[in-house]
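Below is one structure; the comments refer to it alone.
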Amino acid sequence: MGKPTVAFREQLVKPCKFDFFHKKQSGGRGEYARVIGVMEPLEPHDNTRLEFIDATTGTNVPKPFVPGIKRGFIDSCQKGMTAGQKVTGVRMILQDGANHAVDSSEWAFYQACQSAFQDVCEDGVWQILEPVM
């Protein structure tokens with residue numbers, strides 16, 4: 001048996017807005033996506049959950065691309081930037097965005113969401129949660 005590992009978690013302390021524009025063109029079909037919204041902490045009794053809310057209106061972010069954004073958020077929460085631990089107790093609210101008729105795809109929005117998460121990790125105020133043993 002090895003040493004026991006402690007399951008620390010990372011949590012956002014204050015709401016943090018994000019606006020990330022992902023554009024990649026290298027000949028042929030490119031990638032184009034923009035995500036705008038806010039990430040905020042959940043209430044203390046819900047600090048073990050992750051929550052994603054699609055608050056978009058209109059067609060700036062087509063509905064078929066929203067699952068890619070949600071998956072990008074969930075995947076990003078598997079390893080936080082502060083200590084490399086899982087992120088819990090966070091709500092991501094997607095408010096707006098932009099797409100391109102040819103170059104937008106679910107993958108482009110997935111990439112944009114992951115990059116927006118990295119921006120929030122750098123700009124936001126985070127804390128490490130220690131488990132009760």
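Just so we're on the same page: first chain in the structure tokens is A, next is B, and so on; residues restart at 1 for each chain, and ligands are numbered from 1 in the order they show up.
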Just the strand (DSSP E or B) stuff from range 22-133 of chain A, please, per backbone DSSP, written as an mmCIF file with N, CA and C atoms, in the first residue's frame.
data_model
loop_
_atom_site.group_PDB
_atom_site.id
_atom_site.type_symbol
_atom_site.label_atom_id
_atom_site.label_comp_id
_atom_site.auth_asym_id
_atom_site.auth_seq_id
_atom_site.Cartn_x
_atom_site.Cartn_y
_atom_site.Cartn_z
ATOM 1 N N HIS A 22 -12.672 32.249 -30.412
ATOM 2 C CA HIS A 22 -11.783 31.211 -30.965
ATOM 3 C C HIS A 22 -11.873 31.264 -32.485
ATOM 4 N N LYS A 23 -10.746 31.558 -33.118
ATOM 5 C CA LYS A 23 -10.710 31.626 -34.579
ATOM 6 C C LYS A 23 -9.413 30.993 -35.046
ATOM 7 N N LYS A 24 -9.529 30.035 -35.946
ATOM 8 C CA LYS A 24 -8.354 29.351 -36.483
ATOM 9 C C LYS A 24 -8.600 29.101 -37.963
ATOM 10 N N GLU A 31 -11.991 27.140 -37.950
ATOM 11 C CA GLU A 31 -12.755 27.034 -36.706
ATOM 12 C C GLU A 31 -13.121 28.442 -36.277
ATOM 13 N N TYR A 32 -14.377 28.633 -35.878
ATOM 14 C CA TYR A 32 -14.851 29.949 -35.474
ATOM 15 C C TYR A 32 -15.909 29.768 -34.401
ATOM 16 N N ALA A 33 -15.675 30.366 -33.234
ATOM 17 C CA ALA A 33 -16.657 30.304 -32.155
ATOM 18 C C ALA A 33 -16.367 31.405 -31.149
ATOM 19 N N ARG A 34 -17.407 31.932 -30.549
ATOM 20 C CA ARG A 34 -17.266 32.918 -29.476
ATOM 21 C C ARG A 34 -18.270 32.566 -28.389
ATOM 22 N N VAL A 35 -17.788 32.557 -27.147
ATOM 23 C CA VAL A 35 -18.655 32.292 -26.000
ATOM 24 C C VAL A 35 -18.553 33.455 -25.023
ATOM 25 N N ILE A 36 -19.697 33.905 -24.542
ATOM 26 C CA ILE A 36 -19.785 35.010 -23.599
ATOM 27 C C ILE A 36 -20.688 34.569 -22.452
ATOM 28 N N GLY A 37 -20.258 34.844 -21.228
ATOM 29 C CA GLY A 37 -21.089 34.479 -20.091
ATOM 30 C C GLY A 37 -20.411 34.793 -18.777
ATOM 31 N N VAL A 38 -20.838 34.070 -17.753
ATOM 32 C CA VAL A 38 -20.309 34.277 -16.415
ATOM 33 C C VAL A 38 -20.214 32.929 -15.704
ATOM 34 N N MET A 39 -19.162 32.785 -14.912
ATOM 35 C CA MET A 39 -19.045 31.624 -14.028
ATOM 36 C C MET A 39 -19.169 32.130 -12.614
ATOM 37 N N GLU A 40 -19.937 31.424 -11.806
ATOM 38 C CA GLU A 40 -20.161 31.855 -10.433
ATOM 39 C C GLU A 40 -20.182 30.651 -9.505
ATOM 40 N N PRO A 41 -19.873 30.888 -8.227
ATOM 41 C CA PRO A 41 -19.900 29.773 -7.276
ATOM 42 C C PRO A 41 -21.333 29.385 -6.933
ATOM 43 N N LEU A 50 -21.609 20.534 -10.343
ATOM 44 C CA LEU A 50 -21.306 21.440 -11.444
ATOM 45 C C LEU A 50 -22.624 21.724 -12.153
ATOM 46 N N GLU A 51 -22.820 22.963 -12.564
ATOM 47 C CA GLU A 51 -24.085 23.330 -13.184
ATOM 48 C C GLU A 51 -23.819 24.151 -14.441
ATOM 49 N N PHE A 52 -24.534 23.838 -15.516
ATOM 50 C CA PHE A 52 -24.410 24.564 -16.773
ATOM 51 C C PHE A 52 -25.791 25.078 -17.154
ATOM 52 N N ILE A 53 -25.886 26.373 -17.447
ATOM 53 C CA ILE A 53 -27.160 26.981 -17.827
ATOM 54 C C ILE A 53 -26.982 27.662 -19.177
ATOM 55 N N ASP A 54 -27.848 27.323 -20.106
ATOM 56 C CA ASP A 54 -27.860 27.968 -21.423
ATOM 57 C C ASP A 54 -28.890 29.087 -21.381
ATOM 58 N N LYS A 86 -9.802 18.614 -9.104
ATOM 59 C CA LYS A 86 -11.117 18.774 -9.727
ATOM 60 C C LYS A 86 -11.784 20.056 -9.232
ATOM 61 N N VAL A 87 -12.547 20.681 -10.118
ATOM 62 C CA VAL A 87 -13.291 21.887 -9.783
ATOM 63 C C VAL A 87 -14.718 21.480 -9.448
ATOM 64 N N VAL A 90 -19.423 25.027 -9.059
ATOM 65 C CA VAL A 90 -19.352 26.133 -10.022
ATOM 66 C C VAL A 90 -20.537 26.049 -10.985
ATOM 67 N N ARG A 91 -21.076 27.213 -11.312
ATOM 68 C CA ARG A 91 -22.157 27.316 -12.293
ATOM 69 C C ARG A 91 -21.638 28.135 -13.467
ATOM 70 N N MET A 92 -21.808 27.604 -14.678
ATOM 71 C CA MET A 92 -21.449 28.347 -15.891
ATOM 72 C C MET A 92 -22.735 28.757 -16.582
ATOM 73 N N ILE A 93 -22.879 30.060 -16.804
ATOM 74 C CA ILE A 93 -24.062 30.584 -17.481
ATOM 75 C C ILE A 93 -23.618 31.124 -18.840
ATOM 76 N N LEU A 94 -24.055 30.475 -19.884
ATOM 77 C CA LEU A 94 -23.758 30.915 -21.249
ATOM 78 C C LEU A 94 -24.794 31.963 -21.633
ATOM 79 N N GLN A 95 -24.334 33.206 -21.888
ATOM 80 C CA GLN A 95 -25.259 34.304 -22.154
ATOM 81 C C GLN A 95 -25.354 34.670 -23.628
ATOM 82 N N ASP A 96 -24.260 34.546 -24.346
ATOM 83 C CA ASP A 96 -24.263 34.955 -25.748
ATOM 84 C C ASP A 96 -23.048 34.349 -26.442
ATOM 85 N N GLY A 97 -22.884 34.670 -27.696
ATOM 86 C CA GLY A 97 -21.751 34.166 -28.451
ATOM 87 C C GLY A 97 -21.869 34.582 -29.899
ATOM 88 N N ALA A 98 -21.080 33.934 -30.738
ATOM 89 C CA ALA A 98 -21.120 34.213 -32.166
ATOM 90 C C ALA A 98 -20.723 32.954 -32.925
ATOM 91 N N TRP A 126 -9.934 31.921 -6.640
ATOM 92 C CA TRP A 126 -10.176 30.514 -6.362
ATOM 93 C C TRP A 126 -9.728 30.146 -4.956
ATOM 94 N N GLN A 127 -10.312 29.082 -4.433
ATOM 95 C CA GLN A 127 -9.878 28.538 -3.143
ATOM 96 C C GLN A 127 -9.801 27.031 -3.239
ATOM 97 N N ILE A 128 -8.970 26.463 -2.399
ATOM 98 C CA ILE A 128 -8.818 25.007 -2.335
ATOM 99 C C ILE A 128 -9.698 24.508 -1.197
ATOM 100 N N LEU A 129 -10.546 23.538 -1.494
ATOM 101 C CA LEU A 129 -11.406 22.931 -0.468
ATOM 102 C C LEU A 129 -10.725 21.658 0.044
#
Just the residues within 12 Å of Gly72 in chain A, please, counting only C-alpha atoms, with nothing from its chain fewer than 5 positions along; format it as a PyMOL selection string. chain A and resi 35+52+65-67+77-78+92+106-118
Gap from CA of Phe21 in chain A to CA of His100 in chain A - Å, one decimal: 11.9 Å
Separation of CA of Phe18 in chain A from CA of Leu42 in chain A, in Å and rounded to one decimal: 17.2 Å
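Using only C-alpha atoms, the smallest distance between any of A:Ser104, A:Arg9, A:Pro131, A:Gly124 and Gly84 in chain A comes from A:Arg9.
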